[in-house]
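Contents: one structure, followed by commentary.
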Amino acid sequence: MAIDIATLEERYINSCRKHGVLPNTAILSGLFKAEVKKSRHEPCSLEIFLDHLKDIDFHPLLDTFMELDASEIQAVDVRNESSCVFNGECALSLMRAINQKLRRVDLQDLSFGKEFLRDLSKKGLSCQVLTLTSSHFRKLNMMGKFMQIHTLNLDFSTSLTSFREDCFSCMPNLTCLSMCETRITNLWTTIAALSKLPSLVELRFQNWLCCNDAGPSAASSDGRSDKKTDVSQQKSAPYIGTSSIEIDILADYNSSMDEALGNLFLLNDVVINDEVQSMIEDSSDDDSDVDFSSHQKEYRYSELLSNVFPRLNGQVDQQNEVSFDTLYNQNGEESLAGAFTRQIADVALKFISCHASPICFEKHYREYMIASLPHLKVLDNLPIRKIDRERATVTFSQYFEYLPYKRKHKESVVSILQKREIRASHNHVRTPKQKSFCTSGKSKYFYTRSLCAAKVGSSAWPFLHPLSISSSGLGDEGMSFRPRQFEYHPSDSSLMVFGTLDGEVVVINHEKEQIVNYIPSLGAMNSVLGLCWLKKYPSKLIAGSDNGSLKLYDIQHMTPRTMGIYNSAGCVTFDEFDQLTSVHVNSTDELFLASGYSRNVALYDISCGRRLQVFSDMHREHINVVKFANYSPSVFATSSFDQDVKMWDLRQKPIWPCYTASSSRGNVMVCFSPDDHYLLVSAVDNEVRQLLAVDGRLHLKFEIASTESSQNYTRSYYMNGRDYIISGSSDEHVVRICCAQTGRRLKDLALEGSGSGSMFVQSLRGDPFRDFNMSILAAYMRPSSKSEIVKVNLLASNDYAKEHSYRRHSCPSNSMGG
């Protein structure tokens with residue numbers, strides 16, 4: 001027989017007497033209210049406020065809660081909405097003691113410590129509804145068992161930027177998820193995490209609210225709900241946040257949906273505390289599930305978001321409106337934020353967006369989400385109609401690449417290898433004519449590309465590995481390098497050279513993370529901005545610094561790995577080029593060019609070690625980058641902040657360019673495709689275009705959203721030959737990977753530093769020897785933080801990274817070798 005509430009209360013009082021503490025009046029009040037509900041034949045639920053508990057209450061409550069399963073109490077709700085003195089570990093122990101009757105947990109974690117969030121994420125809870133507003137989560141890793149949860153609300157978790165790979169792996173019944181006013185931006189990792197939720201039907205990163213002249217229809221004027229709704233009373237209406245649109249009207253509009261859908265997605269109006277505190281703990285720990293770093297809120301659409309809605313500061317935001325006739329703007333694209341009106345029968349409804357996360361401002365956000373989550377029925381409070389799915393499918397195929405090389409379906413590596421072996425065995429017994437017929441339609445790269453597609457498709461969180469290169473063994477144990485420029489070796493896949501902000505040139509084996517040669521600055525250089533290997537003489541390289549110094553080094557004739565010892569026998573010094581920014585060697589290793597903060601370009605003869613000529617006034621503003629073609633030793637291109645890119649030919653005495661192509665902003669750089677068919681031009685603020693090298697005609701414009709920043713310097717290079725391009729900018733922490741033939745986006749790669757604030761892309765290169773590998777020179781926003789070279793392998797996941805790290809640290813360290 002179930003323990004009645006009066007007996008439960010008596011046992012609680014006896015336990016308090018046993019432990020020598022007074023009964024907590026808030027607990028007694030909660031039990032009394034539960035008794036009243038029982039007498040009214042209402043669901044008998046107990047409400048616990050952690051704010052009202054002290055540590056001395058723990059043991060009596062634990063004894064009592066252990067008996068709840070056998071009591072008349074049907075459900076327990078646990079809340080914490082203000083400053084709490086109760087120990088976080090004790091709070092979790094009590095919630096787990098409640099066990100299966102734990103219905104709803106509504107927490108503000110600001111008063112709990114690190115261990116509370118870590119324990120909650122890793123071990124899980126048995127609640128049905130969890131509301132967690134946290135300023136500590138940066139990378140969410142809710143990998144614990146949340147087997148009963150159907151609704152998760154993370155609104156106003158203002159430090160949350162991304163998900164760990166194991167996140168959401170044990171939430172089989174989660175149907176509703178809300179993450180409004182977070183800092184999540186990456187479409188690809190977000191979808192990879194959400195795809196692990198088999199029951200997810202309702203998702204929200206912003207609130208589309210239906211309103212009239214009096215204000216939002218589903219919320220009061222202060223932005224809070226007008227009423228509270230008990231989740232247990234609406235089994236078909238799970239809680240998802242503060243307020244919702246008039247879904248019953250939209251249900252009529254959405255004729256393709258089941259009639260019951262209107263009831264299924266009537267969102268409960270439950271109050272959320274929107275007074276988000278800005279307390280962030282300082283910590284250098286890099287926890288796998290919770291991040292407590294001290295960086296402030298920074299993301300690239302902060303200005304845009306502040307125009308749509310002001311930041312929360314203890315008051316609800318005033319919702320700015322931008323009217324549209326329909327949900328789609330003049331370009332036929334769906335509006336992502338602001339406001340729109342929709343005509344339903346004879347009623348014009350106005351919708352406004354509030355509390356939008358930055359991901360909502362990604363181009364084609366809604367279509368990408370709908371196309372990637374086929375079971376989703378409601379996105380941002382708007383039901384997903386049949387026409388929405390059709391439009392999303394078309395948009396996705398037009399602007400995004402599901403898998404590399406146009407592969408349509410994910411396939412296992414084992415399956416591809418089996419097909420390759422079967423085909424090879426069949427070809428072995430065929431005549432040459434049969435072989436030719438059989439292999440027609442499939443290039444020699446077919447299976448290699450299929451393997452790459454399979455690996456990229458299974459690695460939503462690619463392997464990122466910062467190079468660990470220090471001066472250890474060079475005579476200065478306390479010094480660390482500050483890279484400013486780097487280049488892969490053209491013929492040795494293991495070598496890379498980087499120049500530093502302190503004027504050093506360092507040749508490394510980036511596979512073993514060993515220094516091969518070290519060239520100190522000796523006061524002769526400042527920041528090294530120009531580096532270029534010779535191709536026919538692979539031991540030689542040109543290095544140029546911003547103070548105009550230009551030198552050729554032969555690493556075979558230099559003393560390796562010696563701090564402060566400099567052998568000039570392997571060095572040639574050229575005439576200086578003031579304020580240098582770029583150097584490049586031609587295909588025959590006979591000549592090189594230098595450009596910088598001037599309108600001139602200098603031509604040097606490598607064999608005789610002298611400057612041949614200075615070409616004056618080639619542009620109207622300074623020439624940031626100059627590049628020779630890969631196969632034509634006399635052809636080169638220049639890019640300038642005057643918005644022009646020009647092609648030149650030394651055989652024609654470069655007085656007039658072969659042609660000029662213009663951008664709408666200043667050009668940061670230009671480079672030839674490996675086969676010289678194209679020019680890849682990068683202008684300020686993500687204006688990236690591919691031109692035909694033969695005449696400068698536009699071949700492709702890459703649709704990358706601008707940030708409206710004149711300081712957002714964009715750099716782009718080729719990867720996998722000329723198959724893909726990689727693009728990053730100095731105001732953003734994202735590298736974008738696009739197909740060089742279609743312009744479709746394959747993936748965005750986010751750089752996330754640990755403990756030193758946000759990162760940005762200073763330079764990047766595709767690995768010339770390994771498909772879908774690159775290196776990124778990443779710098780932190782904080783001036784005091786060092787830059788680092790990060791190697792990226794898109795074919796390997798973080799699981800590989802963990803194994804790789806374990807092997808490196810469990811094996812004896814290699815000595816510095818040549």
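Chain labels follow the order of the structure tokens: the first chain is A, the next B, and so on; residue numbering restarts at 1 in every chain, and ligands are counted from 1 in their shown order.
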
Non-local contacts of Leu140 in chain A (12 Å; only C-alpha atoms; under 6 positions in same chain excluded) as number ranges by chain: A: 117-118, 120-122, 132, 134, 154, 157, 159-169, 179, 182-184, 189-190, 193, 287-292

Limited to N, CA, C and O atoms, could you put the picked residues into a file as a short mmCIF file (atom, residue, chain, number, x, y, z; two decimals), in the first residue's frame?
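Now in out_20.cif:
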data_model
loop_
_atom_site.label_atom_id
_atom_site.label_comp_id
_atom_site.auth_asym_id
_atom_site.auth_seq_id
_atom_site.Cartn_x
_atom_site.Cartn_y
_atom_site.Cartn_z
N LEU A 117 27.88 20.88 -12.63
CA LEU A 117 27.58 20.79 -14.06
C LEU A 117 28.24 19.59 -14.70
O LEU A 117 27.67 18.92 -15.56
N ARG A 118 29.47 19.31 -14.28
CA ARG A 118 30.18 18.17 -14.84
C ARG A 118 29.47 16.85 -14.49
O ARG A 118 29.28 15.98 -15.34
N LEU A 120 26.29 16.51 -13.57
CA LEU A 120 24.97 16.49 -14.22
C LEU A 120 25.10 16.03 -15.67
O LEU A 120 24.31 15.21 -16.16
N SER A 121 26.10 16.54 -16.39
CA SER A 121 26.25 16.22 -17.80
C SER A 121 26.70 14.79 -18.03
O SER A 121 26.26 14.13 -18.97
N LYS A 122 27.58 14.29 -17.17
CA LYS A 122 28.17 12.97 -17.40
C LYS A 122 27.30 11.83 -16.88
O LYS A 122 27.30 10.74 -17.45
N LEU A 132 17.85 24.45 -18.05
CA LEU A 132 19.16 24.78 -17.50
C LEU A 132 19.67 26.04 -18.16
O LEU A 132 20.01 26.04 -19.34
N SER A 134 22.66 28.45 -18.14
CA SER A 134 24.03 28.41 -17.64
C SER A 134 24.91 29.36 -18.41
O SER A 134 24.82 29.45 -19.63
N LEU A 154 17.66 25.08 -22.96
CA LEU A 154 18.95 25.69 -22.65
C LEU A 154 18.96 27.17 -23.01
O LEU A 154 20.02 27.76 -23.23
N SER A 157 21.66 30.39 -22.31
CA SER A 157 22.99 29.88 -21.93
C SER A 157 23.98 30.63 -22.80
O SER A 157 24.40 30.17 -23.88
N SER A 159 27.04 31.42 -23.04
CA SER A 159 28.40 31.05 -23.43
C SER A 159 28.42 29.80 -24.31
O SER A 159 29.48 29.40 -24.77
N LEU A 160 27.28 29.20 -24.53
CA LEU A 160 27.20 27.96 -25.29
C LEU A 160 27.47 28.22 -26.76
O LEU A 160 26.72 28.94 -27.43
N THR A 161 28.54 27.61 -27.30
CA THR A 161 28.92 27.85 -28.70
C THR A 161 28.82 26.60 -29.57
O THR A 161 28.64 26.70 -30.78
N SER A 162 28.97 25.41 -28.98
CA SER A 162 29.03 24.20 -29.82
C SER A 162 28.76 22.97 -28.97
O SER A 162 28.47 23.07 -27.77
N PHE A 163 28.88 21.81 -29.61
CA PHE A 163 28.59 20.54 -28.96
C PHE A 163 29.80 19.62 -29.05
O PHE A 163 30.50 19.61 -30.05
N ARG A 164 30.00 18.84 -28.02
CA ARG A 164 30.99 17.78 -28.08
C ARG A 164 30.42 16.61 -28.88
O ARG A 164 29.22 16.49 -29.10
N GLU A 165 31.32 15.74 -29.31
CA GLU A 165 30.93 14.66 -30.22
C GLU A 165 29.94 13.69 -29.58
O GLU A 165 29.08 13.13 -30.27
N ASP A 166 30.03 13.48 -28.27
CA ASP A 166 29.15 12.50 -27.60
C ASP A 166 27.88 13.11 -27.08
O ASP A 166 27.07 12.42 -26.44
N CYS A 167 27.66 14.39 -27.30
CA CYS A 167 26.48 15.06 -26.76
C CYS A 167 25.19 14.46 -27.33
O CYS A 167 25.13 14.09 -28.51
N PHE A 168 24.17 14.37 -26.48
CA PHE A 168 22.84 13.87 -26.85
C PHE A 168 22.82 12.38 -27.21
O PHE A 168 21.88 11.90 -27.82
N SER A 169 23.86 11.64 -26.83
CA SER A 169 23.91 10.23 -27.23
C SER A 169 22.97 9.35 -26.42
O SER A 169 22.70 8.22 -26.84
N MET A 179 17.15 26.31 -27.70
CA MET A 179 18.46 26.92 -27.44
C MET A 179 18.47 28.37 -27.93
O MET A 179 19.34 28.79 -28.68
N THR A 182 21.65 31.65 -27.35
CA THR A 182 22.95 31.04 -27.12
C THR A 182 23.93 31.64 -28.12
O THR A 182 23.59 32.56 -28.86
N ARG A 183 25.14 31.08 -28.21
CA ARG A 183 26.13 31.57 -29.17
C ARG A 183 26.43 30.51 -30.23
O ARG A 183 27.49 30.53 -30.86
N ILE A 184 25.55 29.59 -30.43
CA ILE A 184 25.76 28.51 -31.40
C ILE A 184 25.70 29.09 -32.82
O ILE A 184 24.79 29.83 -33.17
N THR A 189 28.19 21.00 -37.24
CA THR A 189 28.32 20.26 -35.98
C THR A 189 27.00 20.24 -35.23
O THR A 189 26.70 19.28 -34.52
N THR A 190 26.18 21.28 -35.39
CA THR A 190 24.88 21.29 -34.74
C THR A 190 24.00 20.16 -35.28
O THR A 190 23.37 19.42 -34.52
N ALA A 193 25.15 16.75 -34.06
CA ALA A 193 24.73 16.48 -32.69
C ALA A 193 23.23 16.17 -32.63
O ALA A 193 22.80 15.21 -31.98
N ASP A 287 37.76 21.29 -19.63
CA ASP A 287 36.95 20.13 -19.34
C ASP A 287 36.33 19.60 -20.61
O ASP A 287 36.02 20.33 -21.53
N SER A 288 36.10 18.31 -20.64
CA SER A 288 35.55 17.70 -21.84
C SER A 288 34.08 17.99 -22.01
O SER A 288 33.54 17.87 -23.09
N ASP A 289 33.41 18.42 -20.92
CA ASP A 289 31.98 18.65 -21.05
C ASP A 289 31.56 20.07 -20.72
O ASP A 289 30.63 20.59 -21.28
N VAL A 290 32.28 20.71 -19.82
CA VAL A 290 31.91 22.04 -19.38
C VAL A 290 33.11 22.95 -19.51
O VAL A 290 34.22 22.57 -19.15
N ASP A 291 32.90 24.15 -20.01
CA ASP A 291 34.00 25.11 -20.12
C ASP A 291 33.70 26.29 -19.23
O ASP A 291 32.62 26.82 -19.24
N PHE A 292 34.69 26.69 -18.44
CA PHE A 292 34.54 27.80 -17.52
C PHE A 292 35.49 28.92 -17.87
O PHE A 292 36.01 29.61 -17.01
#

Pro374 in chain A surroundings by only C-alpha atoms, 10 Å radius, close-in-sequence under 2 positions cut, as a ChimeraX atom specification: /A:195,200-201,369-372,376-377,389

Residues as selected, all heavy atoms, written as a PDB file, in the first residue's frame, can you do that?
ATOM      1  N   SER A 195      21.311  15.035 -34.888  1.00  0.00           N
ATOM      2  CA  SER A 195      20.946  13.803 -35.597  1.00  0.00           C
ATOM      3  C   SER A 195      20.959  12.585 -34.678  1.00  0.00           C
ATOM      4  O   SER A 195      20.430  11.531 -35.049  1.00  0.00           O
ATOM      5  CB  SER A 195      21.900  13.576 -36.774  1.00  0.00           C
ATOM      6  OG  SER A 195      21.780  14.615 -37.717  1.00  0.00           O
ATOM      7  N   LEU A 200      13.344  13.709 -31.904  1.00  0.00           N
ATOM      8  CA  LEU A 200      13.233  15.169 -31.948  1.00  0.00           C
ATOM      9  C   LEU A 200      12.254  15.616 -33.032  1.00  0.00           C
ATOM     10  O   LEU A 200      12.422  15.293 -34.206  1.00  0.00           O
ATOM     11  CB  LEU A 200      14.607  15.788 -32.204  1.00  0.00           C
ATOM     12  CG  LEU A 200      14.663  17.320 -32.160  1.00  0.00           C
ATOM     13  CD1 LEU A 200      14.411  17.823 -30.748  1.00  0.00           C
ATOM     14  CD2 LEU A 200      16.003  17.826 -32.676  1.00  0.00           C
ATOM     15  N   VAL A 201      11.230  16.358 -32.632  1.00  0.00           N
ATOM     16  CA  VAL A 201      10.252  16.874 -33.594  1.00  0.00           C
ATOM     17  C   VAL A 201      10.105  18.381 -33.492  1.00  0.00           C
ATOM     18  O   VAL A 201       9.540  19.014 -34.399  1.00  0.00           O
ATOM     19  CB  VAL A 201       8.863  16.220 -33.397  1.00  0.00           C
ATOM     20  CG1 VAL A 201       8.909  14.746 -33.747  1.00  0.00           C
ATOM     21  CG2 VAL A 201       8.360  16.422 -31.971  1.00  0.00           C
ATOM     22  N   MET A 369      18.376  23.309 -41.921  1.00  0.00           N
ATOM     23  CA  MET A 369      17.844  22.542 -40.793  1.00  0.00           C
ATOM     24  C   MET A 369      16.730  21.589 -41.234  1.00  0.00           C
ATOM     25  O   MET A 369      16.701  20.417 -40.867  1.00  0.00           O
ATOM     26  CB  MET A 369      17.315  23.500 -39.720  1.00  0.00           C
ATOM     27  CG  MET A 369      18.400  24.206 -38.942  1.00  0.00           C
ATOM     28  SD  MET A 369      19.253  23.049 -37.855  1.00  0.00           S
ATOM     29  CE  MET A 369      20.506  24.115 -37.159  1.00  0.00           C
ATOM     30  N   ILE A 370      15.814  22.098 -42.024  1.00  0.00           N
ATOM     31  CA  ILE A 370      14.679  21.279 -42.456  1.00  0.00           C
ATOM     32  C   ILE A 370      15.147  20.121 -43.332  1.00  0.00           C
ATOM     33  O   ILE A 370      14.691  18.983 -43.177  1.00  0.00           O
ATOM     34  CB  ILE A 370      13.650  22.150 -43.197  1.00  0.00           C
ATOM     35  CG1 ILE A 370      13.011  23.158 -42.234  1.00  0.00           C
ATOM     36  CG2 ILE A 370      12.579  21.288 -43.862  1.00  0.00           C
ATOM     37  CD1 ILE A 370      12.105  24.170 -42.906  1.00  0.00           C
ATOM     38  N   ALA A 371      16.081  20.390 -44.246  1.00  0.00           N
ATOM     39  CA  ALA A 371      16.566  19.334 -45.133  1.00  0.00           C
ATOM     40  C   ALA A 371      17.382  18.292 -44.376  1.00  0.00           C
ATOM     41  O   ALA A 371      17.385  17.117 -44.757  1.00  0.00           O
ATOM     42  CB  ALA A 371      17.407  19.944 -46.249  1.00  0.00           C
ATOM     43  N   SER A 372      18.053  18.692 -43.312  1.00  0.00           N
ATOM     44  CA  SER A 372      18.948  17.782 -42.589  1.00  0.00           C
ATOM     45  C   SER A 372      18.248  16.992 -41.499  1.00  0.00           C
ATOM     46  O   SER A 372      18.776  15.972 -41.046  1.00  0.00           O
ATOM     47  CB  SER A 372      20.109  18.577 -41.974  1.00  0.00           C
ATOM     48  OG  SER A 372      20.828  19.285 -42.959  1.00  0.00           O
ATOM     49  N   LEU A 376      11.783  16.432 -38.204  1.00  0.00           N
ATOM     50  CA  LEU A 376      11.416  17.654 -37.506  1.00  0.00           C
ATOM     51  C   LEU A 376      10.074  18.169 -38.022  1.00  0.00           C
ATOM     52  O   LEU A 376       9.821  18.182 -39.229  1.00  0.00           O
ATOM     53  CB  LEU A 376      12.506  18.706 -37.726  1.00  0.00           C
ATOM     54  CG  LEU A 376      12.574  19.864 -36.732  1.00  0.00           C
ATOM     55  CD1 LEU A 376      12.928  19.358 -35.348  1.00  0.00           C
ATOM     56  CD2 LEU A 376      13.597  20.890 -37.200  1.00  0.00           C
ATOM     57  N   LYS A 377       9.208  18.599 -37.102  1.00  0.00           N
ATOM     58  CA  LYS A 377       7.889  19.090 -37.488  1.00  0.00           C
ATOM     59  C   LYS A 377       7.667  20.568 -37.175  1.00  0.00           C
ATOM     60  O   LYS A 377       6.792  21.196 -37.774  1.00  0.00           O
ATOM     61  CB  LYS A 377       6.804  18.255 -36.796  1.00  0.00           C
ATOM     62  CG  LYS A 377       6.809  16.799 -37.240  1.00  0.00           C
ATOM     63  CD  LYS A 377       5.710  16.001 -36.579  1.00  0.00           C
ATOM     64  CE  LYS A 377       5.724  14.550 -37.072  1.00  0.00           C
ATOM     65  NZ  LYS A 377       4.681  13.721 -36.416  1.00  0.00           N
ATOM     66  N   ARG A 389       9.450  21.760 -46.949  1.00  0.00           N
ATOM     67  CA  ARG A 389      10.401  20.664 -47.176  1.00  0.00           C
ATOM     68  C   ARG A 389      10.856  20.626 -48.637  1.00  0.00           C
ATOM     69  O   ARG A 389      12.033  20.398 -48.916  1.00  0.00           O
ATOM     70  CB  ARG A 389       9.768  19.329 -46.790  1.00  0.00           C
ATOM     71  CG  ARG A 389       9.559  19.177 -45.310  1.00  0.00           C
ATOM     72  CD  ARG A 389       9.633  17.736 -44.862  1.00  0.00           C
ATOM     73  NE  ARG A 389       9.527  17.658 -43.414  1.00  0.00           N
ATOM     74  CZ  ARG A 389      10.543  17.798 -42.585  1.00  0.00           C
ATOM     75  NH1 ARG A 389      11.749  18.043 -43.072  1.00  0.00           N
ATOM     76  NH2 ARG A 389      10.370  17.719 -41.279  1.00  0.00           N
TER      77      ARG A 389
END

Exercise: range 744-753 of chain A partners within 10 Å, only C-alpha atoms, chain neighbours under 3 positions left out, as a ChimeraX atom specification: /A:138-139,161-162,185-189,286,293,396-405,456,460-462,464,702-704,724-728,732-741,756-761,776,778-780,790,792,794

Nearest-residue call for Val614 in chain A, choices A:Phe137, A:Tyr365, A:Tyr597, A:Phe577, using only C-alpha atoms: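 For Val614 in chain A, the nearest of the given residues is A:Phe577.
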
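Nearest residue to Tyr445 in chain A, choosing from A:Ser468, A:Ser663, A:Asn720, A:Gln652 and counting only C-alpha atoms: A:Asn720.
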
Residue neighbourhood Leu501 in chain A, 6 Å, only C-alpha atoms, exclusion window fewer than 2 positions, as a ChimeraX atom specification: /A:482,484,503,527

Alpha helix (DSSP H) call set, DSSP backbone run, range 434-655 of chain A, as number ranges by chain: A: 434-439, 446-457

Å distance separating CA of Thr660 in chain A from CA of His699 in chain A, one decimal place: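 These atoms are spaced 14.8 Å apart.
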